[in-house]
Amino acid sequence: MSFDPCSFLYDAATTRNAETFEHSIAGRPVIIVQSMAGAGYVLRSNSENYHKELWPFRQVMGATRLTESSADWRRMEAVTQSYLAGFDADRLAAAANEHASDLADRLLQTEDRGRLDQFAIDIATIRVLAETLLDGRLSDQAGEFAADMHVMLDYAASYAFIARDSRPDIDRDTIRNLAKARHRMMTRLSAVRSDLPAGDNLLTALDGADRSGDAGVMFQHELMMLFAAGSDTSAAAVGWCCQGLAENQAVQSAIRQELSGLERRQLCDPSVLNRLPWLNGFIEETLRLFPPIPFLGRQAQSADTINGHPVQRDQLVFVSIVGIHRDAGSWLNADQFSAERHGIAGSRAARAIPFSTGPRICGGARFAMLELKAVMATLISKLRFEPSGLDPGPFQWRISMRRRLDHPVTVKPAR
């Protein structure tokens, strides 16, 4: 992928702060929206005119609630949303604590590397999701699952900014590797389908919807995208939080002090995790400055105007979460890290939208936030994060935003 969307968005947030403007990406004129007002218009009040634009991910993983729009999306969303919203919070927090404890041990084994082991984080978040929503299925295959997921997401991301009707040259080895990864993924998910848990749950709901054909749901496709949109973005968020701790030692110390009197069972208690101001403020500020989903792609269904800027039918619109979160008119010292701006000592900043807004807001936002709190509370209680001094390297985008070389962070025992 020659176009680096993350670097472009961070540069635009600085040089054209809060502006709505047109920019050519791979020869296509794209409208960039960097204000909350513009985001509210595209994602809320006129959302029916702006359909999701994720066609490369649809080709690789199939049509799912993540990729579809309007009536198709509503039918798919109706099948799974009650399970994503009604998850067992105690089970999630316990699974996050358990796998974050294992992750801490794994990270300590690579402390001399000078870079965070992002792949280990990927494995941990896959296991948390699998144990909370899939009754443990696929948890023991998390490493292989993550590796194949990376192949598929990397391929889709590499074609995300070209026109659908273009015919780019594609390396045969790349296609061969993609086909093998997808075949292995489909085989694993088919095995899950042959051993469904009893009762009313996400898996049986997907199986029933697939068999009926009424909602346009395919069991394997929906689960693939669940992991891509769920565990992959959560893993990216954990990585950015670890970098944030390394770069903000005073905040790290404040959170560790906040956790110091808690027993392990309390680190698994959602009501306790939700009442830790330093931990919660830190996570919210990390998601503001480094949103795992840096932008939301939409395609206009008819001509329109956004913030006074004309939009043509079929034109792409990128709602820049990066730009909105660094709007100097909404955030004091917008480029500076400040956990205190998120409710600590009674202060409260403008609203961030790391999980989008409007009818297409992330259906797993509550799940993701509780998982992130439980994982980070456990990691901070066991580890100390420090900058390694290595070059952070370029961004990497494949639905979620990461560092291509992994974060330049060293981990050491907390005590």
# chains A, B, ... in the order shown; residues from 1 in each chain; ligands from 1
$ select_by_dssp --residues "range 295-333 of chain A" --states "strand (DSSP E or B)" --output "list in words"
Phe295, Leu296, Gly297, Arg298, Gln299, Ala300, Asp304, Thr305, Ile306, His309, Pro310, Val311, Leu316, Val317, Phe318, Val319 and Ser320 of chain A
$ write_last_selection --atoms "N, CA and C atoms" --output "PDB file, in the first residue's frame"
ATOM      1  N   PHE A 295      -9.952   6.444  10.822  1.00  0.00           N
ATOM      2  CA  PHE A 295     -10.916   7.128   9.967  1.00  0.00           C
ATOM      3  C   PHE A 295     -12.033   6.160   9.603  1.00  0.00           C
ATOM      4  N   LEU A 296     -13.143   6.720   9.147  1.00  0.00           N
ATOM      5  CA  LEU A 296     -14.296   5.929   8.709  1.00  0.00           C
ATOM      6  C   LEU A 296     -14.581   6.274   7.260  1.00  0.00           C
ATOM      7  N   GLY A 297     -14.547   5.285   6.386  1.00  0.00           N
ATOM      8  CA  GLY A 297     -14.771   5.512   4.968  1.00  0.00           C
ATOM      9  C   GLY A 297     -16.243   5.372   4.604  1.00  0.00           C
ATOM     10  N   ARG A 298     -16.762   6.337   3.859  1.00  0.00           N
ATOM     11  CA  ARG A 298     -18.138   6.313   3.390  1.00  0.00           C
ATOM     12  C   ARG A 298     -18.188   6.698   1.910  1.00  0.00           C
ATOM     13  N   GLN A 299     -19.263   6.300   1.242  1.00  0.00           N
ATOM     14  CA  GLN A 299     -19.476   6.676  -0.154  1.00  0.00           C
ATOM     15  C   GLN A 299     -20.840   7.350  -0.288  1.00  0.00           C
ATOM     16  N   ALA A 300     -20.842   8.537  -0.872  1.00  0.00           N
ATOM     17  CA  ALA A 300     -22.083   9.298  -1.018  1.00  0.00           C
ATOM     18  C   ALA A 300     -23.002   8.622  -2.029  1.00  0.00           C
ATOM     19  N   ASP A 304     -24.395  16.054  -2.428  1.00  0.00           N
ATOM     20  CA  ASP A 304     -24.687  16.634  -1.117  1.00  0.00           C
ATOM     21  C   ASP A 304     -23.685  17.748  -0.843  1.00  0.00           C
ATOM     22  N   THR A 305     -23.791  18.322   0.343  1.00  0.00           N
ATOM     23  CA  THR A 305     -22.836  19.333   0.804  1.00  0.00           C
ATOM     24  C   THR A 305     -22.476  19.031   2.249  1.00  0.00           C
ATOM     25  N   ILE A 306     -21.183  19.037   2.563  1.00  0.00           N
ATOM     26  CA  ILE A 306     -20.713  18.817   3.928  1.00  0.00           C
ATOM     27  C   ILE A 306     -19.906  20.034   4.353  1.00  0.00           C
ATOM     28  N   HIS A 309     -18.932  22.215   1.681  1.00  0.00           N
ATOM     29  CA  HIS A 309     -18.121  21.644   0.606  1.00  0.00           C
ATOM     30  C   HIS A 309     -18.975  20.698  -0.235  1.00  0.00           C
ATOM     31  N   PRO A 310     -19.030  20.900  -1.560  1.00  0.00           N
ATOM     32  CA  PRO A 310     -19.869  20.034  -2.401  1.00  0.00           C
ATOM     33  C   PRO A 310     -19.341  18.600  -2.458  1.00  0.00           C
ATOM     34  N   VAL A 311     -20.253  17.662  -2.446  1.00  0.00           N
ATOM     35  CA  VAL A 311     -19.926  16.241  -2.536  1.00  0.00           C
ATOM     36  C   VAL A 311     -20.688  15.662  -3.725  1.00  0.00           C
ATOM     37  N   LEU A 316     -16.016   9.401  -2.416  1.00  0.00           N
ATOM     38  CA  LEU A 316     -15.604   8.890  -1.118  1.00  0.00           C
ATOM     39  C   LEU A 316     -15.504  10.020  -0.106  1.00  0.00           C
ATOM     40  N   VAL A 317     -15.870   9.705   1.130  1.00  0.00           N
ATOM     41  CA  VAL A 317     -15.752  10.641   2.245  1.00  0.00           C
ATOM     42  C   VAL A 317     -15.037   9.921   3.377  1.00  0.00           C
ATOM     43  N   PHE A 318     -13.960  10.522   3.867  1.00  0.00           N
ATOM     44  CA  PHE A 318     -13.248   9.974   5.014  1.00  0.00           C
ATOM     45  C   PHE A 318     -13.527  10.865   6.226  1.00  0.00           C
ATOM     46  N   VAL A 319     -14.188  10.311   7.217  1.00  0.00           N
ATOM     47  CA  VAL A 319     -14.368  11.015   8.481  1.00  0.00           C
ATOM     48  C   VAL A 319     -13.136  10.709   9.321  1.00  0.00           C
ATOM     49  N   SER A 320     -12.305  11.713   9.526  1.00  0.00           N
ATOM     50  CA  SER A 320     -11.034  11.529  10.220  1.00  0.00           C
ATOM     51  C   SER A 320     -11.233  11.595  11.731  1.00  0.00           C
TER      52      SER A 320
END
$ residues_around --residues "range 14-29 of chain A" --least-positions-apart "2" --cutoff "10 Å" --atoms "only C-alpha atoms" --output "MDAnalysis selection string"
chainID A and resid 2:3 5 9:12 31:38 161:163 306:312 315:320 323:330 335
$ residues_around --residues "range 45-47 of chain A" --least-positions-apart "4" --cutoff "8 Å" --atoms "only C-alpha atoms" --output "list in words"
Gly40, Tyr41, His51, Gly358 and Pro359 of chain A
$ write_last_selection --atoms "N, CA and C atoms" --output "PDB file, in the first residue's frame"
ATOM      1  N   GLY A  40     -21.032  14.406  12.644  1.00  0.00           N
ATOM      2  CA  GLY A  40     -22.421  14.209  13.028  1.00  0.00           C
ATOM      3  C   GLY A  40     -23.350  14.190  11.832  1.00  0.00           C
ATOM      4  N   TYR A  41     -23.052  15.003  10.833  1.00  0.00           N
ATOM      5  CA  TYR A  41     -23.878  15.044   9.627  1.00  0.00           C
ATOM      6  C   TYR A  41     -23.740  13.749   8.826  1.00  0.00           C
ATOM      7  N   HIS A  51     -22.955   5.409   2.667  1.00  0.00           N
ATOM      8  CA  HIS A  51     -22.810   3.984   2.919  1.00  0.00           C
ATOM      9  C   HIS A  51     -21.355   3.629   3.203  1.00  0.00           C
ATOM     10  N   GLY A 358     -23.596   7.712  15.942  1.00  0.00           N
ATOM     11  CA  GLY A 358     -24.747   7.485  15.086  1.00  0.00           C
ATOM     12  C   GLY A 358     -25.176   6.033  15.047  1.00  0.00           C
ATOM     13  N   PRO A 359     -26.039   5.664  14.106  1.00  0.00           N
ATOM     14  CA  PRO A 359     -26.573   4.300  14.052  1.00  0.00           C
ATOM     15  C   PRO A 359     -25.516   3.235  13.804  1.00  0.00           C
TER      16      PRO A 359
END
$ select_by_dssp --residues "range 212-246 of chain A" --states "helix (DSSP H, G or I)" --output "list in words"
Ser212, Phe219, Gln220, His221, Glu222, Leu223, Met224, Met225, Leu226, Phe227, Ala228, Ala229, Ser231, Asp232, Thr233, Ser234, Ala235, Ala236, Ala237, Val238, Gly239, Trp240, Cys241, Cys242, Gln243, Gly244, Leu245 and Ala246 of chain A
$ atom_distance --atom1 "CA of Pro197 in chain A" --atom2 "CA of Arg137 in chain A"
9.4 Å
$ closest_atom_pairs --of "range 118-203 of chain A" --to "range 97-104 of chain A" --cutoff "7 Å" --atoms "only C-alpha atoms" --output "JSON lines"
{"residue": "A:Ala120", "atom": "CA", "partner": "A:Leu103", "partner_atom": "CA", "distance": 6.6}
{"residue": "A:Ile121", "atom": "CA", "partner": "A:Leu103", "partner_atom": "CA", "distance": 6.8}
{"residue": "A:Ala124", "atom": "CA", "partner": "A:His99", "partner_atom": "CA", "distance": 5.6}
{"residue": "A:Val128", "atom": "CA", "partner": "A:His99", "partner_atom": "CA", "distance": 6.9}
$ residues_around --residues "Ile344 in chain A" --least-positions-apart "4" --cutoff "10 Å" --atoms "only C-alpha atoms" --output "ChimeraX atom specification"
/A:276-282,339-340,348
